[in-house]
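A short write-up of the structure that comes next.
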Amino acid sequence: MSFTEKFSLKGKVALITGASHGIGYAIAKAYADAGATIVVNGSRQSSVDGALENYKKDGINAHGYICNVTNEDQVQEMIEKIEHEVGVIDILVNNAGIIKRIPMCEMTAEEFREVVDVDLNAPFILSKAVIPSMIKKGHGKIINICSMTSELGRETVSAYAAAKGGLKMLTKNIASEYGEYNIQCNGLGPGYIETSQTAALRNEGHPFNDFIIGRTPAARWGTPDDMTGPAVFLASEASDFVNGHILYVDGGILATIGKQPKY
Ligand code: NAP
Ligand code: GCO
């Protein structure tokens, strides 16, 4: 195998959850460019239809499935349909995610549970659904989309940080439990990325926008495209001996305590 072939996803079936836009869309497109058959999921007919239309415009014949990833029965049914209609899933990217920015003492337990359900319980449900076939096939890749909040807290995102911190440890646990079956489970930890999830923080002049620019050594917000190279690496044979690792793609945020103010 040539060195570059190690990074090829030719002949692989990749399921990316929540891939109708944002980081999931960019990863799915990169996987298609690397040769994979793309299967995307969304929670609504409209988001799946819109996604498939956009993938087609990008020259990609993706397969789309509607499923609320927090619902175990729906997930089981979706995985069975994919295995029957497309093929056994070689690569699972647990990308679907939500955030609620509410001061903790004002957040209801229900709101907390909703975030943990999508951001942590769903990756558990999906991983549990795909691992048996990966074991039978003799290989598999699971990539969990973590976060800066897998390592750091900040005000108003208690549920999200608790979920993403848990997702880091779920990643390590799947690696520990299933590594012997040639299944690699790693995390991808984006920094602050320009998507709809962060749109509210990036409005011109928003204090958080200036804060993040100052807090990021790269001195810019990341883009979904910044995630694609690392995502292909973790999905490819080039990372077959990488397991339980969280690969942070953050422009250097986690490397620094921040810059001193200029004076
Ligand atoms: P986004 O544009 O809001 O995308 C989130 C996706 O999750 C949507 O496509 C949505 O699909 C899907 N989703 C939400 N709930 C779902 C459910 N119950 N069932 C199925 N799909 C569901 O956000 P993003 O920024 O691309 O985020 C993608 C991932 O990266 C998330 O896990 C997020 O936590 C993580 N992340 C983002 C950043 C950032 O700065 N943007 C940084 C670190 C980590 P539908 O529209 O079909 O509901
Ligand atoms: C926030 C942001 C972050 C990012 C991301 C950082 O409100 O702090 O939404 O949570 O989305 O998770 O890695």
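Convention: chains lettered A, B, ... in structure tokens order; per-chain residue numbering from 1; ligands numbered from 1 as shown.
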
> Neighbours of ligand 1 within 6 Å, counting only C-alpha atoms and all ligand atoms, as an MDAnalysis selection string?
Replying inline: chainID A and resid 18:24 42:44 47 67:70 95:98 118 145:147 190:198

> Tell me, which residues of stretch 56-256 of chain A carry DSSP strand (DSSP E or B), written as a PyMOL selection string?
Replying inline: chain A and resi 63-66+91-94+140-145+183-190+193+222+246-249

> Which residues come within 8 Å of A:Ala14, counting only C-alpha atoms, excluding same-chain residues fewer than 5 positions away, as number ranges by chain?
Replying inline: A: 28, 31, 36-39, 89-93

>> As an exercise, work out the distance from atom CA of A:Ile131 to atom CA of A:Ile183 in Å and give it to one decimal place.
In response: 8.2 Å

> Leaving out A:Val157 and any residue of its chain fewer than 2 positions from it, which residues lie within 12 Å of it when counting only C-alpha atoms, given as number ranges by chain?
Replying inline: A: 98-107, 111-112, 115-116, 147-150, 152-155, 159-165

Produce a file of the selected residues containing N, CA, C and O atoms, as a compact mmCIF listing (two decimals), in the first residue's frame.
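Final file, again_22.txt:
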# COMPACT_ATOMS: atom_id res chain seq x y z
N ILE A 98 -26.33 19.43 20.24
CA ILE A 98 -27.02 20.70 20.53
C ILE A 98 -26.34 21.36 21.72
O ILE A 98 -25.56 20.74 22.43
N ILE A 99 -26.64 22.61 21.91
CA ILE A 99 -26.13 23.36 23.06
C ILE A 99 -27.25 24.27 23.57
O ILE A 99 -28.07 24.73 22.78
N LYS A 100 -27.30 24.45 24.87
CA LYS A 100 -28.22 25.45 25.44
C LYS A 100 -27.35 26.33 26.34
O LYS A 100 -26.73 25.84 27.28
N ARG A 101 -27.32 27.62 26.06
CA ARG A 101 -26.49 28.54 26.86
C ARG A 101 -27.38 29.23 27.89
O ARG A 101 -28.06 30.20 27.61
N ILE A 102 -27.41 28.62 29.08
CA ILE A 102 -28.28 29.12 30.16
C ILE A 102 -27.49 29.06 31.46
O ILE A 102 -26.86 28.04 31.75
N PRO A 103 -27.47 30.11 32.28
CA PRO A 103 -26.79 30.02 33.58
C PRO A 103 -27.30 28.80 34.35
O PRO A 103 -28.51 28.54 34.37
N MET A 104 -26.38 28.03 34.95
CA MET A 104 -26.76 26.73 35.48
C MET A 104 -27.95 26.79 36.44
O MET A 104 -28.87 25.99 36.38
N CYS A 105 -27.92 27.80 37.31
CA CYS A 105 -29.00 27.84 38.32
C CYS A 105 -30.34 28.25 37.72
O CYS A 105 -31.37 28.20 38.39
N GLU A 106 -30.32 28.67 36.45
CA GLU A 106 -31.60 29.00 35.78
C GLU A 106 -32.01 27.88 34.82
O GLU A 106 -33.09 27.92 34.24
N MET A 107 -31.15 26.87 34.69
CA MET A 107 -31.45 25.78 33.75
C MET A 107 -32.31 24.74 34.44
O MET A 107 -32.06 24.37 35.58
N GLU A 111 -34.00 20.66 30.66
CA GLU A 111 -33.09 21.26 29.66
C GLU A 111 -31.72 20.61 29.73
O GLU A 111 -31.09 20.32 28.72
N PHE A 112 -31.25 20.35 30.95
CA PHE A 112 -29.95 19.69 31.14
C PHE A 112 -29.98 18.31 30.48
O PHE A 112 -29.09 17.95 29.70
N VAL A 115 -29.81 18.20 26.57
CA VAL A 115 -28.46 18.38 25.97
C VAL A 115 -27.65 17.10 26.14
O VAL A 115 -27.04 16.61 25.19
N VAL A 116 -27.67 16.54 27.34
CA VAL A 116 -26.89 15.31 27.60
C VAL A 116 -27.41 14.18 26.71
O VAL A 116 -26.64 13.36 26.20
N SER A 147 -15.08 18.65 22.14
CA SER A 147 -15.20 20.11 22.25
C SER A 147 -14.10 20.65 23.16
O SER A 147 -13.48 19.91 23.92
N MET A 148 -13.86 21.98 23.09
CA MET A 148 -13.00 22.61 24.09
C MET A 148 -13.57 22.31 25.49
O MET A 148 -12.83 22.18 26.46
N THR A 149 -14.90 22.19 25.53
CA THR A 149 -15.53 21.96 26.84
C THR A 149 -15.41 20.50 27.27
O THR A 149 -15.93 20.11 28.31
N SER A 150 -14.70 19.69 26.48
CA SER A 150 -14.31 18.37 27.00
C SER A 150 -13.18 18.53 28.01
O SER A 150 -12.88 17.63 28.78
N LEU A 152 -12.35 22.21 29.20
CA LEU A 152 -12.48 23.50 29.91
C LEU A 152 -13.94 23.85 30.11
O LEU A 152 -14.78 23.56 29.26
N GLY A 153 -14.24 24.51 31.23
CA GLY A 153 -15.61 24.98 31.44
C GLY A 153 -15.72 26.44 31.07
O GLY A 153 -14.72 27.10 30.81
N ARG A 154 -16.96 26.88 30.97
CA ARG A 154 -17.19 28.32 30.87
C ARG A 154 -18.61 28.58 31.31
O ARG A 154 -19.43 27.66 31.39
N GLU A 155 -18.93 29.83 31.59
CA GLU A 155 -20.27 30.13 32.10
C GLU A 155 -21.33 29.78 31.06
O GLU A 155 -21.08 29.82 29.86
N ALA A 159 -24.47 21.99 30.93
CA ALA A 159 -24.96 20.70 30.41
C ALA A 159 -24.07 20.24 29.25
O ALA A 159 -23.68 19.08 29.15
N TYR A 160 -23.74 21.19 28.39
CA TYR A 160 -22.93 20.88 27.20
C TYR A 160 -21.54 20.38 27.62
O TYR A 160 -21.04 19.37 27.14
N ALA A 161 -20.93 21.08 28.57
CA ALA A 161 -19.59 20.71 29.03
C ALA A 161 -19.63 19.35 29.73
O ALA A 161 -18.75 18.51 29.52
N ALA A 162 -20.66 19.12 30.53
CA ALA A 162 -20.78 17.82 31.21
C ALA A 162 -20.90 16.70 30.17
O ALA A 162 -20.26 15.65 30.28
N ALA A 163 -21.68 16.96 29.13
CA ALA A 163 -21.87 15.95 28.08
C ALA A 163 -20.58 15.72 27.28
O ALA A 163 -20.17 14.59 27.05
N LYS A 164 -19.93 16.80 26.91
CA LYS A 164 -18.71 16.67 26.08
C LYS A 164 -17.54 16.13 26.91
O LYS A 164 -16.67 15.45 26.37
N GLY A 165 -17.54 16.41 28.21
CA GLY A 165 -16.52 15.80 29.07
C GLY A 165 -16.78 14.30 29.18
O GLY A 165 -15.87 13.48 29.08

>> Show me, as a PyMOL selection string, the residues that have an atom within 10 Å of stretch 73-83 of chain A when counting only C-alpha atoms, minus same-chain residues fewer than 2 positions from it.
In response: chain A and resi 13+15+39+41+63-71+85-89+122+125-126+128-130+133

> Counting only C-alpha atoms and all ligand atoms, which of A:Glu151, A:Asp240, A:Asp225, A:Glu177 gets nearest to ligand 2?
Replying inline: A:Glu151

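Relative to atom 12 (O, counted along the ligand's line) of ligand 2, atom CA of A:Asp117 is found at 15.8 Å.
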
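Ranking A:Gln184, A:His245, A:Thr156, A:Gly166 by their shortest atom-to-atom distance to ligand 2, with only C-alpha atoms and all ligand atoms included, puts A:Thr156 first.
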